[in-house]
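Student: Data: data12.txt, compact mmCIF, C-alpha atoms.
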```txt
# COMPACT_ATOMS: atom_id res chain seq x y z
CA ALA A 1 1.88 -1.85 -7.25
CA HIS A 2 -1.18 -3.91 -6.51
CA ALA A 3 -1.97 -7.43 -7.55
CA GLY A 4 -5.16 -9.42 -7.25
CA PRO A 5 -7.12 -12.12 -9.02
CA ARG A 6 -9.59 -10.15 -11.12
CA ALA A 7 -9.39 -7.18 -8.77
CA PRO A 8 -10.98 -4.05 -10.26
CA ARG A 9 -8.57 -1.90 -8.30
CA ARG A 10 -5.40 -2.30 -6.39
CA GLN A 11 -0.95 -4.88 1.68
CA VAL A 12 2.12 -7.16 4.18
CA PRO A 13 2.63 -10.87 3.48
CA ALA A 14 3.12 -13.80 5.78
CA PRO A 15 4.97 -16.56 3.97
CA ASP A 16 4.22 -19.14 6.66
CA LEU A 17 0.45 -18.66 6.51
CA PRO A 18 -1.77 -21.67 6.50
CA GLU A 19 -3.89 -20.17 3.69
CA PRO A 20 -2.39 -20.11 0.30
CA GLY A 21 4.41 24.53 -8.67
CA GLY A 22 6.57 21.71 -9.73
CA LEU A 23 7.99 18.91 -7.74
CA PRO A 24 11.60 18.95 -6.60
CA ARG A 25 13.63 16.04 -7.82
CA PRO A 26 14.33 13.60 -4.97
CA ASP A 27 17.80 14.45 -3.69
CA GLY A 28 18.80 10.96 -2.60
CA HIS A 29 19.61 12.19 0.92
CA ASP A 30 20.29 9.39 3.39
CA ASP A 31 19.89 10.27 7.04
CA GLY A 32 22.02 7.32 8.15
CA GLY A 33 19.18 5.38 9.76
CA SER A 34 19.10 1.63 10.15
CA GLU A 35 16.79 -0.91 8.57
CA PRO A 36 13.09 -0.05 8.15
CA ARG A 37 11.14 -0.42 11.35
CA GLY A 38 7.57 -0.01 12.54
CA ARG A 39 6.45 2.98 14.61
CA ARG A 40 3.22 2.94 16.58
CA ARG A 41 0.70 5.78 16.57
CA ARG A 42 -2.17 6.19 18.98
CA ALA A 43 -5.73 6.60 17.73
CA GLY A 44 -6.49 10.23 17.13
CA GLY A 45 -2.87 11.08 16.31
CA GLY A 46 -2.21 13.13 13.36
CA GLY A 47 18.74 -6.25 -0.16
CA GLY A 48 18.35 -9.68 0.43
CA GLY A 49 18.63 -12.53 -2.01
CA VAL A 50 15.89 -14.10 -4.04
CA GLY A 51 15.69 -17.23 -1.92
CA LYS A 52 12.82 -18.50 0.21
CA PRO A 53 10.36 -15.74 1.23
CA PRO A 54 10.88 -14.52 4.81
CA ALA A 55 8.74 -16.22 7.42
CA VAL A 56 6.19 -13.82 8.92
CA PRO A 57 3.48 -14.90 11.37
CA HIS A 58 -0.05 -15.28 9.97
CA GLN A 59 -1.48 -12.57 12.19
CA ARG A 60 1.13 -10.04 11.15
CA ARG A 61 0.58 -9.91 7.38
CA ARG A 62 3.04 -7.11 6.73
CA LEU A 63 6.70 -7.10 5.81
CA VAL A 64 9.31 -4.46 4.98
CA LEU A 65 12.20 -5.63 2.81
CA PRO A 66 15.14 -3.19 3.15
CA GLU A 67 17.37 -2.11 0.27
CA VAL A 68 15.57 -4.18 -2.36
CA LEU A 69 16.30 -1.76 -5.21
CA GLU A 70 19.84 -1.33 -6.43
CA PRO A 71 21.09 2.30 -6.24
CA ALA A 72 21.37 2.80 -10.02
CA LEU A 73 17.83 1.53 -10.63
CA LEU A 74 16.45 3.56 -7.72
CA THR A 75 18.04 6.74 -9.10
CA ALA A 76 16.61 6.08 -12.57
CA ILE A 77 13.14 5.58 -11.10
CA GLU A 78 13.44 8.75 -8.98
CA ILE A 79 14.40 10.89 -11.96
CA ARG A 80 11.78 9.43 -14.28
CA LEU A 81 8.98 9.71 -11.69
CA ALA A 82 9.79 13.31 -10.77
CA SER A 83 9.95 14.27 -14.45
CA GLN A 84 6.58 12.64 -15.17
CA ALA A 85 4.93 14.17 -12.11
CA ASN A 86 6.23 17.65 -12.95
CA SER A 87 5.07 17.30 -16.54
CA GLU A 88 1.55 16.31 -15.53
CA LEU A 89 1.37 19.21 -13.07
CA SER A 90 2.59 21.75 -15.62
CA GLN A 91 0.12 20.54 -18.26
CA GLY A 92 -2.81 20.59 -15.86
CA VAL A 93 -3.50 16.87 -16.17
CA SER A 94 -2.31 15.70 -12.76
CA TYR A 95 -4.64 13.31 -10.94
CA THR A 96 -5.76 13.24 -7.34
CA ASN A 97 -7.47 10.34 -5.59
CA PRO A 98 -11.15 11.27 -5.04
CA GLY A 99 -10.83 9.80 -1.54
CA HIS A 100 -7.73 11.84 -0.72
CA GLU A 101 -7.54 14.91 -2.92
CA ASN A 102 -4.37 16.30 -1.35
CA ASN A 103 -2.24 13.52 -2.83
CA GLN A 104 -0.90 13.67 -6.35
CA TRP A 105 -1.18 10.34 -8.12
CA VAL A 106 0.73 9.40 -11.25
CA ASN A 107 -1.31 6.60 -12.77
CA MET A 108 -0.62 3.88 -15.34
CA LEU A 109 3.13 3.87 -14.73
CA LEU A 110 3.60 0.79 -16.90
CA ASN A 111 2.83 3.09 -19.85
CA LYS A 112 5.22 5.81 -18.67
CA GLY A 113 8.65 4.26 -18.59
CA PRO A 114 10.46 0.91 -18.71
CA GLU A 115 11.97 1.68 -15.30
CA PHE A 116 8.60 0.97 -13.70
CA GLU A 117 8.31 -2.46 -15.31
CA THR A 118 11.25 -3.63 -13.24
CA LEU A 119 9.22 -3.11 -10.06
CA VAL A 120 6.43 -5.41 -11.21
CA LEU A 121 8.93 -8.08 -12.28
CA HIS A 122 11.27 -7.87 -9.29
CA PRO A 123 12.09 -11.48 -8.33
CA GLN A 124 12.25 -10.99 -4.56
CA THR A 125 8.84 -9.36 -4.21
CA THR A 126 7.27 -11.52 -6.90
CA ARG A 127 7.99 -14.65 -4.87
CA ILE A 128 6.08 -13.23 -1.91
CA ILE A 129 3.11 -12.13 -4.03
CA GLU A 130 2.97 -15.62 -5.55
CA PHE A 131 2.98 -17.09 -2.07
CA LEU A 132 -0.03 -14.99 -1.10
CA LEU A 133 -2.05 -15.13 -4.34
CA GLY A 134 -0.69 -18.05 -6.34
CA GLU A 135 1.17 -18.03 -9.64
CA ASP A 136 -1.67 -16.72 -11.83
CA TYR A 137 -2.54 -13.23 -10.65
CA LEU A 138 -3.38 -9.94 -12.33
CA ILE A 139 -1.74 -6.56 -11.94
CA SER A 140 -4.61 -4.18 -11.19
CA CYS A 141 -2.68 -0.91 -10.91
CA VAL A 142 0.82 0.52 -10.76
CA ASP A 143 0.59 4.10 -9.48
CA ALA A 144 2.79 6.65 -7.74
CA GLN A 145 1.36 8.29 -4.64
CA ILE A 146 3.08 11.58 -3.87
CA LYS A 147 2.66 13.30 -0.53
CA HIS A 148 3.35 17.04 -0.68
CA PRO A 149 4.38 19.05 2.38
CA GLY A 150 1.30 19.84 4.45
CA ASP A 151 -0.79 16.98 3.05
CA PRO A 152 -3.06 15.56 5.78
CA ALA A 153 -3.46 11.90 6.65
CA MET A 154 -5.58 9.69 4.43
CA PRO A 155 -8.65 7.91 5.84
CA LEU A 156 -8.09 4.26 6.74
CA HIS A 157 -9.28 1.82 4.10
CA THR A 158 -8.62 -1.61 2.63
CA ASP A 159 -7.85 -2.47 -0.97
CA GLN A 160 -10.07 -5.54 -0.92
CA TRP A 161 -13.19 -3.50 -0.16
CA TRP A 162 -14.92 -4.73 -3.34
CA MET A 163 -14.89 -8.37 -2.17
CA PRO A 164 -18.36 -9.65 -1.10
CA LYS A 165 -18.53 -11.17 2.36
CA PRO A 166 -18.92 -14.97 2.72
CA VAL A 167 -22.58 -15.99 2.83
CA TYR A 168 -24.67 -19.04 3.59
CA PRO A 169 -26.53 -20.65 0.62
CA ALA A 170 -29.89 -18.93 1.22
CA GLN A 171 -28.50 -15.66 2.51
CA ARG A 172 -29.07 -12.47 0.52
CA THR A 173 -26.16 -10.09 0.04
CA LEU A 174 -25.38 -6.75 -1.52
CA PRO A 175 -24.63 -7.09 -5.26
CA PRO A 176 -20.91 -6.69 -5.95
CA GLY A 177 -21.51 -3.65 -8.15
CA SER A 178 -23.17 -1.84 -5.24
CA ILE A 179 -20.29 -2.28 -2.81
CA LYS A 180 -18.54 1.00 -1.99
CA ARG A 181 -15.28 1.66 -0.17
CA ASN A 182 -15.82 2.09 3.60
CA LEU A 183 -19.47 0.99 3.24
CA LEU A 184 -20.68 -0.12 6.67
CA GLY A 185 -17.28 0.80 8.06
CA VAL A 186 -16.62 0.26 11.75
CA LYS A 187 -14.58 2.20 14.30
CA ALA A 188 -13.69 -0.74 16.56
CA LEU A 189 -11.29 -3.47 15.53
CA LYS A 190 -13.25 -6.62 16.26
CA PRO A 191 -14.60 -9.47 14.11
CA THR A 192 -17.97 -8.82 12.50
CA SER A 193 -18.58 -12.40 11.37
CA PRO A 194 -17.33 -15.91 12.14
CA MET A 195 -16.22 -16.08 8.50
CA ILE A 196 -13.94 -13.74 6.58
CA ALA A 197 -12.93 -13.59 2.93
CA PRO A 198 -9.52 -15.02 2.03
CA VAL A 199 -6.78 -12.76 0.76
CA VAL A 200 -7.22 -12.06 -2.95
CA THR A 201 -5.38 -8.74 -3.12
CA ALA A 202 -1.81 -7.92 -2.11
CA ASN A 203 0.10 -4.62 -2.22
CA ILE A 204 3.69 -3.57 -2.62
CA MET A 205 4.57 -0.01 -1.61
CA TRP A 206 7.97 0.85 -3.06
CA MET A 207 9.70 3.54 -1.02
CA ILE A 208 11.21 5.84 -3.63
CA SER A 209 11.93 8.38 -0.88
CA ASP A 210 12.79 7.68 2.73
CA PHE A 211 9.50 6.97 4.53
CA THR A 212 9.58 8.77 7.89
CA GLU A 213 7.19 9.61 10.69
CA GLN A 214 7.21 13.22 9.49
CA ASN A 215 6.69 12.87 5.73
CA GLY A 216 3.64 10.63 5.59
CA ALA A 217 4.89 7.05 5.77
CA THR A 218 2.15 4.45 5.36
CA VAL A 219 0.23 3.57 8.54
CA LEU A 220 -1.35 0.16 9.14
CA VAL A 221 -3.60 -1.47 11.74
CA PRO A 222 -2.10 -4.78 12.93
CA LYS A 223 -4.40 -7.83 12.65
CA SER A 224 -7.16 -5.79 10.99
CA HIS A 225 -7.16 -8.25 8.06
CA LEU A 226 -8.67 -10.82 10.46
CA SER A 227 -11.66 -8.63 11.35
CA GLY A 228 -13.61 -9.18 8.15
CA ALA A 229 -14.61 -5.52 8.39
CA GLN A 230 -13.96 -2.22 6.65
CA PRO A 231 -12.79 0.84 8.63
CA ASP A 232 -15.17 3.78 8.81
CA GLY A 233 -12.79 6.22 7.15
CA SER A 234 -12.97 8.84 9.89
CA LEU A 235 -10.22 11.36 10.63
CA PRO A 236 -8.39 11.35 12.91
CA HIS A 237 -8.09 7.57 12.81
CA SER A 238 -10.26 5.86 15.40
CA VAL A 239 -7.89 2.96 16.08
CA GLU A 240 -4.21 2.67 16.91
CA THR A 241 -1.91 2.36 13.90
CA VAL A 242 1.69 1.30 13.20
CA GLN A 243 3.75 3.46 10.85
CA ALA A 244 5.97 1.67 8.32
CA VAL A 245 9.10 3.82 8.15
CA GLY A 246 12.09 2.80 6.08
CA LYS A 247 14.91 3.86 3.82
CA LYS A 248 14.44 4.65 0.13
CA GLY A 249 14.69 1.51 -1.97
CA ALA A 250 12.76 -0.63 0.51
CA ALA A 251 9.51 -2.45 -0.26
CA LEU A 252 6.52 -2.64 2.08
CA ILE A 253 4.36 -5.68 1.26
CA PHE A 254 1.01 -6.26 2.87
CA ASP A 255 -2.28 -8.16 2.73
CA GLY A 256 -5.01 -6.30 0.84
CA ARG A 257 -7.47 -6.75 3.70
CA LEU A 258 -5.24 -4.83 6.10
CA TRP A 259 -6.51 -1.41 7.17
CA HIS A 260 -4.00 1.19 6.01
CA ALA A 261 -3.56 4.78 4.87
CA ALA A 262 -0.97 7.37 3.91
CA GLY A 263 0.20 9.36 6.90
CA GLU A 264 0.33 13.13 7.32
CA ASN A 265 3.28 14.96 5.76
CA VAL A 266 4.44 17.59 8.25
CA SER A 267 7.93 17.79 6.72
CA PRO A 268 9.24 20.22 4.10
CA GLN A 269 10.03 17.32 1.72
CA VAL A 270 7.94 15.57 -0.92
CA ARG A 271 7.42 11.87 -0.26
CA TYR A 272 7.46 9.57 -3.30
CA GLY A 273 5.97 6.08 -3.18
CA ILE A 274 4.88 3.61 -5.88
```
With the file now loaded, output its structure as structure tokens.
Tutor:
Amino acid sequence: AHAGPRAPRRQVPAPDLPEPGGLPRPDGHDDGGSEPRGRRRRAGGGGGGVGKPPAVPHQRRRLVLPEVLEPALLTAIEIRLASQANSELSQGVSYTNPGHENNQWVNMLLNKGPEFETLVLHPQTTRIIEFLLGEDYLISCVDAQIKHPGDPAMPLHTDQWWMPKPVYPAQRTLPPGSIKRNLLGVKALKPTSPMIAPVVTANIMWMISDFTEQNGATVLVPKSHLSGAQPDGSLPHSVETVQAVGKKGAALIFDGRLWHAAGENVSPQVRYGI
């Protein structure tokens, strides 16, 4: 689920920031692991309460909240999502992201079941999104991203790629309608300008399956939101990444400027995320 002020399209918050053939049904298997944790990958490699948002340093900009979804709600979402995904596959209307055609996407989930509305309205994650973006924000998309066994890694990207760079009064810039994802992307993680755009997009990745190192858990590049740059989209990834692994029912929240991607699924299981 992505939120952004007037964002045409859809990553980890820091509440103390200074700036304001058919899919198998998920089986609910729990491997007994502990709370979600970050795993680091080298470049080139393949429920709390609703109180005050957790304090996360400004330079981090990512947060995993464990066990946010209650078991009954999580099960209802699992069943509804698998049913919808299977139906779209069987009818030949399933969608794949043009930038990552191995993934199956189930789009417009707010039109496909009341279970998905609860994710957008969840009080714990809503408080963090409001901290990042303010109280008046728009939902730009609520999609499921499904990683099938054998799906390769996704190219690194940001979800605030459409945002024009800050400019001086007389400076010419590319028209917003001509900005493309990964345009002028860079391989090195270093600032490209003394000024960067503020955060105007934030993401929540709901882990409907366990997110593991093997099944394609989301990868992120720490501090990349401070670079003011877009990644070049090359594979394998040209910079070191951290993998956000966690138990089903957790929520990964991150700044929309953060470089991120779906990982490679080398497991025999399907990975469900929203």
Student: Which residue out of A:Asp232, A:Ser227, A:Leu132, A:Ala153 has the minimum interatomic distance to Thr201 in chain A when all atoms listed in the file are used?
Tutor: A:Leu132
Student: For Lys112 in chain A, work out the shell of residues within 12 Å, counting only C-alpha atoms and skipping chain neighbours fewer than 2 positions away, then give it as a list in words.
Tutor: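 Neighbouring residues, sequence-local ones excluded: Ile77, Arg80, Leu81, Ala82, Ser83, Gln84, Ala85, Ser87, Glu88, Val106, Asn107, Met108, Leu109, Leu110, Pro114, Glu115, Phe116, Glu117, Val142, Asp143 and Ala144 of chain A.
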Student: Would you mind exporting C-alpha atoms of the selected residues as a short mmCIF file (atom, residue, chain, number, x, y, z; two decimals), in the frame of the given file?
Tutor:
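Generated file (selection08.cif):
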```cif
data_model
loop_
_atom_site.label_atom_id
_atom_site.label_comp_id
_atom_site.auth_asym_id
_atom_site.auth_seq_id
_atom_site.Cartn_x
_atom_site.Cartn_y
_atom_site.Cartn_z
CA ILE A 77 13.14 5.58 -11.10
CA ARG A 80 11.78 9.43 -14.28
CA LEU A 81 8.98 9.71 -11.69
CA ALA A 82 9.79 13.31 -10.77
CA SER A 83 9.95 14.27 -14.45
CA GLN A 84 6.58 12.64 -15.17
CA ALA A 85 4.93 14.17 -12.11
CA SER A 87 5.07 17.30 -16.54
CA GLU A 88 1.55 16.31 -15.53
CA VAL A 106 0.73 9.40 -11.25
CA ASN A 107 -1.31 6.60 -12.77
CA MET A 108 -0.62 3.88 -15.34
CA LEU A 109 3.13 3.87 -14.73
CA LEU A 110 3.60 0.79 -16.90
CA PRO A 114 10.46 0.91 -18.71
CA GLU A 115 11.97 1.68 -15.30
CA PHE A 116 8.60 0.97 -13.70
CA GLU A 117 8.31 -2.46 -15.31
CA VAL A 142 0.82 0.52 -10.76
CA ASP A 143 0.59 4.10 -9.48
CA ALA A 144 2.79 6.65 -7.74
#
```
Student: Which of these, A:Gly249, A:Gly256, A:Pro236, A:Pro268, has the shortest distance to Leu65 in chain A once you count only C-alpha atoms?
Tutor: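 Between A:Gly249, A:Gly256, A:Pro236, A:Pro268, the residue approaching Leu65 in chain A most closely is A:Gly249.
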Student: Between A:Thr241, A:Gln269, A:Asn215, A:Thr158, which has the minimum distance to Gly228 in chain A (counting all atoms listed in the file)?
Tutor: A:Thr158
Student: Between A:Pro198, A:Pro222, A:Gly150, A:Pro164, which one has atoms that come closest to Val270 in chain A, using all atoms listed in the file?
Tutor: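 Result for the nearest residue to Val270 in chain A: A:Gly150.
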Student: Restricting the calculation to only C-alpha atoms, which member of A:Ile204, A:Pro123, A:Arg271, A:Glu240 is positioned closest to Leu252 in chain A?
Tutor: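 Closest to Leu252 in chain A of all the choices is A:Ile204.
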Student: Quick one: pull the distance between CA of Leu226 in chain A and CA of Gly273 in chain A, Å, one decimal.
Tutor: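 Atom-to-atom, CA of Leu226 in chain A to CA of Gly273 in chain A, that is 26.2 Å.
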Student: Neighbours of Val68 in chain A within 12 Å (only C-alpha atoms; same-chain residues fewer than 3 positions away dropped), as a PyMOL selection string?
Tutor: chain A and resi 35-36+47-50+64-65+71-74+118-119+122-126+204-208+246-253
Student: Ranking A:Pro66, A:Val221, A:Ser94, A:Gln104 by minimum distance to Lys147 in chain A and counting all atoms listed in the file, which one comes first?
Tutor: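 Result for the nearest residue to Lys147 in chain A: A:Gln104.
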Student: What is the distance, in Å and to one decimal place, between CA of Gly134 in chain A and CA of Ala197 in chain A?
Tutor: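 Value for the CA of Gly134 in chain A-CA of Ala197 in chain A distance: 16.0 Å.
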Student: Take CA of His157 in chain A and CA of Gln230 in chain A and report the distance between them in Å, one decimal.
Tutor: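 Distance between the two atoms: 6.7 Å.
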Student: As a compact mmCIF listing (two decimals), in the coordinates of the input, please: range 205-228 of chain A completed to N, CA and C atoms.
Tutor:
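Wrote it out as part-v4.txt, contents follow:
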```txt
# COMPACT_ATOMS: atom_id res chain seq x y z
N MET A 205 4.28 -1.45 -1.61
CA MET A 205 4.57 -0.01 -1.61
C MET A 205 6.08 0.15 -1.70
N TRP A 206 6.54 0.61 -2.86
CA TRP A 206 7.97 0.85 -3.06
C TRP A 206 8.33 2.22 -2.52
N MET A 207 9.28 2.28 -1.63
CA MET A 207 9.70 3.54 -1.02
C MET A 207 10.74 4.20 -1.91
N ILE A 208 10.30 5.15 -2.72
CA ILE A 208 11.21 5.84 -3.63
C ILE A 208 11.89 6.99 -2.90
N SER A 209 11.29 7.48 -1.84
CA SER A 209 11.93 8.38 -0.88
C SER A 209 12.06 7.64 0.44
N ASP A 210 12.86 8.17 1.36
CA ASP A 210 12.79 7.68 2.73
C ASP A 210 11.36 7.87 3.23
N PHE A 211 10.81 6.86 3.90
CA PHE A 211 9.50 6.97 4.53
C PHE A 211 9.74 7.23 6.02
N THR A 212 9.32 8.38 6.50
CA THR A 212 9.58 8.77 7.89
C THR A 212 8.26 9.08 8.60
N GLU A 213 8.36 9.23 9.91
CA GLU A 213 7.19 9.61 10.69
C GLU A 213 6.69 11.00 10.29
N GLN A 214 7.58 11.84 9.80
CA GLN A 214 7.21 13.22 9.49
C GLN A 214 6.64 13.39 8.09
N ASN A 215 7.08 12.57 7.12
CA ASN A 215 6.69 12.87 5.73
C ASN A 215 5.54 12.02 5.19
N GLY A 216 4.84 11.31 6.05
CA GLY A 216 3.64 10.63 5.59
C GLY A 216 3.81 9.16 5.29
N ALA A 217 4.73 8.49 5.97
CA ALA A 217 4.89 7.05 5.77
C ALA A 217 3.56 6.33 6.00
N THR A 218 3.38 5.24 5.28
CA THR A 218 2.15 4.45 5.36
C THR A 218 1.88 3.99 6.79
N VAL A 219 0.63 4.10 7.23
CA VAL A 219 0.23 3.57 8.54
C VAL A 219 -0.66 2.36 8.32
N LEU A 220 -0.58 1.39 9.24
CA LEU A 220 -1.35 0.16 9.14
C LEU A 220 -1.92 -0.19 10.50
N VAL A 221 -2.98 -1.00 10.50
CA VAL A 221 -3.60 -1.47 11.74
C VAL A 221 -3.32 -2.96 11.87
N PRO A 222 -2.44 -3.36 12.79
CA PRO A 222 -2.10 -4.78 12.93
C PRO A 222 -3.33 -5.65 13.17
N LYS A 223 -3.36 -6.80 12.51
CA LYS A 223 -4.40 -7.83 12.65
C LYS A 223 -5.76 -7.40 12.11
N SER A 224 -5.86 -6.23 11.50
CA SER A 224 -7.16 -5.79 10.99
C SER A 224 -7.65 -6.66 9.84
N HIS A 225 -6.74 -7.36 9.16
CA HIS A 225 -7.16 -8.25 8.06
C HIS A 225 -7.97 -9.43 8.58
N LEU A 226 -7.92 -9.70 9.88
CA LEU A 226 -8.67 -10.82 10.46
C LEU A 226 -10.06 -10.39 10.94
N SER A 227 -10.38 -9.12 10.84
CA SER A 227 -11.66 -8.63 11.35
C SER A 227 -12.82 -8.90 10.41
N GLY A 228 -12.53 -9.03 9.11
CA GLY A 228 -13.61 -9.18 8.15
C GLY A 228 -14.40 -7.90 7.94
```
